[in-house]
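**Student:** Just dropping this structure here.
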Amino acid sequence: MENINQNQNDAKLVEQLSGKVKELKKEIAKVIVGQEEIIDKLLLSLLARGHCLLVGVPGLAKTLLIKTLAEVLDLSFSRIQFTPDLMPSDITGTEIIEEDQTTKKRTFRFVKGPVFANIILADEINRTPPKTQSALLEAMQEHKVTAAGVTYALPEPFFVLATQNPIEQEGTYPLPEAQLDRFMFNLWLDYPSFDEEIEIIRTTTAESNYKLNKVISGEEITLYQDLVKRVPVAENVIEFAVKIVNSTRPGNNELKFINEWVSWGAGPRASQYLILAAKTKAIVEGRFTPNIDDVKAALVPVLRHRIIPSFNAEADGLSSLDIIDKLISQFS
């Protein structure tokens, strides 16, 4: 009986979520022109308790998009501008000495850093040294911060969006593969189309009078995140996800181009994220279970940063995206 009630509640939540996401997109469209696919993936990542790495040239409204998302979701937002001199404590927080005016007794008090927010925009994460990058990545993994032996829980939901500029590489510290693996999606922002750019110029150079409405609260997001975990998945869908991730690994691989073009393939975390993305996509679209097409829709953003092309691939002018495209054609 309890299971029947749970299923009925879940069915109502799926229907509710589908309507809320449509409303969300309508609100975001008041500010952001185009970028529908990026917005879809950001919402999937948030609902699946993942994090995103956004790669795009300056001026594509990455910051505006994230701020708008935080606003319509009724979540706290924090932007951290990563620079070469940024210290870990500048992100997580620091201890200060306080003196009691009456007793003159001195005590330490922890002042929380900008990481204590629901949505974190880590701007140009590759501009700061590995030590500082690790402070944020640890918070992403553990959802908590430890200072002077005391652990502080981060607010839930907790969602990190890191940006990278693909043009300027001088003076940057690229994220190691092991740390890149902690991001669910690697999203590339393209230039707008001609018509979209006309609309952007028209709206941004005139007086703005839009008003954004709050659509989903933090408590509701946590509820939907729990729902994602309960979504049932058919065995053949899980097998497809694992099979395609397994096929990215060189060595004794039946696919000769993988042995030739790939140095390192994707690990088990890729399979987990493919299934979570498929589950989330299904319920966002009002369906109760994902199919193989839902897995295929997440292949590029999940695998793009997890496949390391070999020297042979680079010599042939091939990127990880070219390898993924060829891999998808083998399974279509």
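The way I read the labels, and the way they are meant: chains A, B, ... in the order of the structure tokens, residue 1 as the first residue of every chain, and ligand 1 as the first ligand shown, with later ones counted on from there.
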So which residues of region 89-294 of chain A fall under strand (DSSP E) by DSSP, listed as an MDAnalysis selection string?

**Tutor:** chainID A and resid 93:99 106:112 119:123 144:147 150:153 159:164 185:188 262:264

**Student:** Let me see the file: selected residues, C-alpha atoms, as a JSON list (two decimals), in the first residue's frame.

**Tutor:**
```json
[["chain", "number", "residue", "atom", "x", "y", "z"],
["A", 93, "GLY", "CA", 36.09, 31.08, 4.26],
["A", 94, "THR", "CA", 38.56, 32.05, 6.97],
["A", 95, "GLU", "CA", 38.89, 32.23, 10.74],
["A", 96, "ILE", "CA", 39.16, 35.65, 12.38],
["A", 97, "ILE", "CA", 40.03, 36.58, 15.97],
["A", 98, "GLU", "CA", 37.28, 38.32, 17.91],
["A", 99, "GLU", "CA", 37.73, 40.01, 21.28],
["A", 106, "ARG", "CA", 39.79, 36.34, 22.38],
["A", 107, "THR", "CA", 38.12, 33.61, 20.34],
["A", 108, "PHE", "CA", 38.22, 32.40, 16.74],
["A", 109, "ARG", "CA", 35.15, 32.81, 14.56],
["A", 110, "PHE", "CA", 34.72, 31.22, 11.12],
["A", 111, "VAL", "CA", 33.57, 33.66, 8.43],
["A", 112, "LYS", "CA", 31.94, 31.76, 5.59],
["A", 119, "ILE", "CA", 24.51, 28.31, -7.12],
["A", 120, "ILE", "CA", 28.22, 29.06, -7.53],
["A", 121, "LEU", "CA", 29.63, 30.60, -10.69],
["A", 122, "ALA", "CA", 33.35, 29.81, -10.76],
["A", 123, "ASP", "CA", 34.43, 32.28, -13.43],
["A", 144, "LYS", "CA", 30.92, 20.50, 2.93],
["A", 145, "VAL", "CA", 33.92, 22.57, 3.98],
["A", 146, "THR", "CA", 36.39, 21.80, 6.78],
["A", 147, "ALA", "CA", 38.23, 24.60, 8.58],
["A", 150, "VAL", "CA", 35.38, 21.80, 12.12],
["A", 151, "THR", "CA", 33.11, 20.69, 9.26],
["A", 152, "TYR", "CA", 30.49, 23.06, 7.85],
["A", 153, "ALA", "CA", 27.70, 21.74, 5.59],
["A", 159, "PHE", "CA", 25.26, 23.53, -7.84],
["A", 160, "VAL", "CA", 28.61, 24.65, -9.31],
["A", 161, "LEU", "CA", 29.02, 26.09, -12.79],
["A", 162, "ALA", "CA", 32.62, 26.68, -13.77],
["A", 163, "THR", "CA", 33.53, 28.64, -16.90],
["A", 164, "GLN", "CA", 36.60, 28.44, -19.11],
["A", 185, "PHE", "CA", 28.51, 17.95, -18.27],
["A", 186, "ASN", "CA", 31.03, 19.84, -20.38],
["A", 187, "LEU", "CA", 28.95, 22.39, -22.30],
["A", 188, "TRP", "CA", 30.26, 24.48, -25.19],
["A", 262, "VAL", "CA", 42.30, 7.37, -27.57],
["A", 263, "SER", "CA", 44.88, 7.52, -24.77],
["A", 264, "TRP", "CA", 42.37, 7.29, -21.92]]
```

**Student:** Need to verify the contact set: Leu189 (chain A), 10 Å, only C-alpha atoms, exclusion of same-chain residues closer than 5 positions in sequence. Can you return it as a VMD selection string?

**Tutor:** chain A and resid 35 37 to 38 54 to 57 60 to 62

**Student:** Could those residues be written to a file, using C-alpha atoms, as a compact mmCIF listing (two decimals), in the first residue's frame?

**Tutor:**
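What landed in out_7.txt:
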```txt
# COMPACT_ATOMS: atom_id res chain seq x y z
CA GLN A 35 20.84 28.89 -25.94
CA GLU A 37 20.06 23.37 -25.46
CA ILE A 38 22.47 24.84 -22.89
CA LEU A 54 30.85 25.87 -19.46
CA VAL A 55 33.32 26.65 -22.22
CA GLY A 56 32.79 29.69 -24.41
CA VAL A 57 34.41 32.86 -25.71
CA LEU A 60 28.19 34.97 -24.77
CA ALA A 61 26.23 35.87 -21.59
CA LYS A 62 27.52 32.98 -19.49
```

**Student:** My list of candidates is A:Asn9, A:Asn246, A:Thr83, A:Ser134. Which is closest to Leu223 (chain A) when distances are computed with only C-alpha atoms?

**Tutor:**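 Closest to Leu223 (chain A) of all the choices is A:Asn9.
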
**Student:** Taking the DSSP secondary structure from the backbone, can you list the residues of region 160-238 of chain A that are alpha helix (DSSP H), as a PyMOL selection string?

**Tutor:** chain A and resi 177-180+194-204+218-230+235-238

**Student:** What does the distance between CA of Ala48 (chain A) and CA of Gln272 (chain A) come to in Å, to one decimal place?

**Tutor:**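 Separating CA of Ala48 (chain A) from CA of Gln272 (chain A) is a distance of 10.4 Å.
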
**Student:** Would you please work out which residue, of A:Leu69, A:Ala206, A:Glu124, A:Met184, is nearest to Val300 (chain A) when using only C-alpha atoms?

**Tutor:**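 Between A:Leu69, A:Ala206, A:Glu124, A:Met184, the residue approaching Val300 (chain A) most closely is A:Met184.
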